[in-house]
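Peer 1: Structure provided below as structure tokens; questions to follow.
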Amino acid sequence: MPTSRLLRENNPWLAARAGNKVLENRLINRCGCNCGGGGQCKSGDGKKVVNDFSKINIQANKDCLCKWGLKTHYISDGAITASSYYGPNLNDCHAPKWSRLYQAMVPDVSVGAWAAGANNANQWIQVALDGATTITGVVTQGRNSYDQWVTEYKESYLAADLTWKTVNANSGTAILFSGNSDRNSPVTNMFYLPITAHKLRILPTQWHGHISLRHEYLTC
């Protein structure tokens with residue numbers, strides 16, 4: 001079996017992208033409420049609601065189903081580290097532990113994002129995974145409380161052979177992923193092929209206002 005076909009059949013998202021309608025429909029119909037026939041999503045009392053899941057972008061469903069665990073705190077605070085964060089001598093309101101997707105500002109606790117200690121190309125934020133894990137993409141947001149976000153970045157990872165690599169395009173060159181353009185809209189970037197990683201790093205290359213972000217990784 002060709003490698004590309006094998007990868008698609010073992011990865012529902014890649015299969016959907018490649019036109020596999022069976023898996024595409026499977027993704028579409030796995031919604032967060034009680035789904036009925038015809039792609040119509042039903043509320044708890046069994047009544048049909050306006051949402052027609054057959055028309056919702058597959059990516060939105062994938063984001064809902066496949067997040068690895070930053071938002072849900074499956075990944076501990078200690079597993080999220082960074083090259084630096086702003087004001088470490090004052091408090092940890094800008095610390096990397098606040099980089100979870102949809103993290104809100106909490107006065108005197110969190111600014112609603114990780115904010116780097118400096119604005120330069122040497123900054124990164126890292127997530128240590130619970131063993132070798134297949135990762136297919138990443139979702140980013142800006143800072144919840146200010147107009148600060150990362151507009152472009154690279155992704156690197158500690159691979160199964162324990163060497164650091166970048167997420168590359170088909171050509172073998174590192175991908176420059178397009179980031180955010182406002183505070184709160186999530187932006188999803190899928191990798192060209194799934195990777196197997198022990199650790200993951202976002203490496204900001206361009207930003208607006210200040211290097212600040214929230215994020216989540218995808219597993220399907």
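Ordered as shown in the structure tokens, chains take letters A, B, and onward, while each chain numbers its residues from 1 and ligands are numbered from 1 in the order shown.
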So which residues touch A:Ala113 within 9 Å, counting only C-alpha atoms, skipping near sequence neighbours fewer than 4 positions away, as a VMD selection string?
Peer 2: chain A and resid 93 to 105 141 to 145 212 to 215
Peer 1: So, with only C-alpha atoms as the atoms that count, which of A:Ile135, A:Val109, A:Ala118, A:Ala82 lies closest to A:Thr219?
Peer 2: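 The closest residue to A:Thr219 is A:Ile135.
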Peer 1: Here is a test: counting only C-alpha atoms, which residue of A:Tyr85, A:Thr166, A:Ser181, A:Thr140 is nearest to A:Lys71?
Peer 2: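 Distance minimum relative to A:Lys71 lands on A:Thr140.
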Peer 1: Find the residues near A:Met190: any atom within 7 Å, counting only C-alpha atoms, skip ones fewer than 5 places away on the same chain, and give them as a ChimeraX atom specification.
Peer 2: /A:136-138
Peer 1: Write out as a list in words the residues lying within 9 Å of A:Ala132, counting only C-alpha atoms and excluding same-chain residues fewer than 3 positions away.
Peer 2: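 That gives Leu129, Ala159, Ala160, Thr196, Ala197, His198 and Lys199 of chain A.
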Peer 1: Skip A:Val139 itself and residues of its chain fewer than 5 positions away, then list as a list in words all residues within 7 Å of it, counting only C-alpha atoms.
Peer 2: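 Neighbouring residues, sequence-local ones excluded: Pro186, Val187, Thr188, Asn189, His215, Glu216 and Tyr217 of chain A.
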Peer 1: Write the residues of the preceding selection, restricted to C-alpha atoms, as a PDB file, in the first residue's frame.
Peer 2:
ATOM      1  CA  PRO A 186      -8.249  30.829  16.986  1.00  0.00           C
ATOM      2  CA  VAL A 187      -6.111  30.042  13.937  1.00  0.00           C
ATOM      3  CA  THR A 188      -5.468  26.383  13.065  1.00  0.00           C
ATOM      4  CA  ASN A 189      -2.456  25.165  11.106  1.00  0.00           C
ATOM      5  CA  HIS A 215      -2.248  27.607  22.001  1.00  0.00           C
ATOM      6  CA  GLU A 216      -3.312  23.974  21.738  1.00  0.00           C
ATOM      7  CA  TYR A 217      -2.037  20.950  19.816  1.00  0.00           C
TER       8      TYR A 217
END
Peer 1: What is the atom CA of A:Ala174 to atom CA of A:Ala121 distance in Å?
Peer 2: 14.9 Å
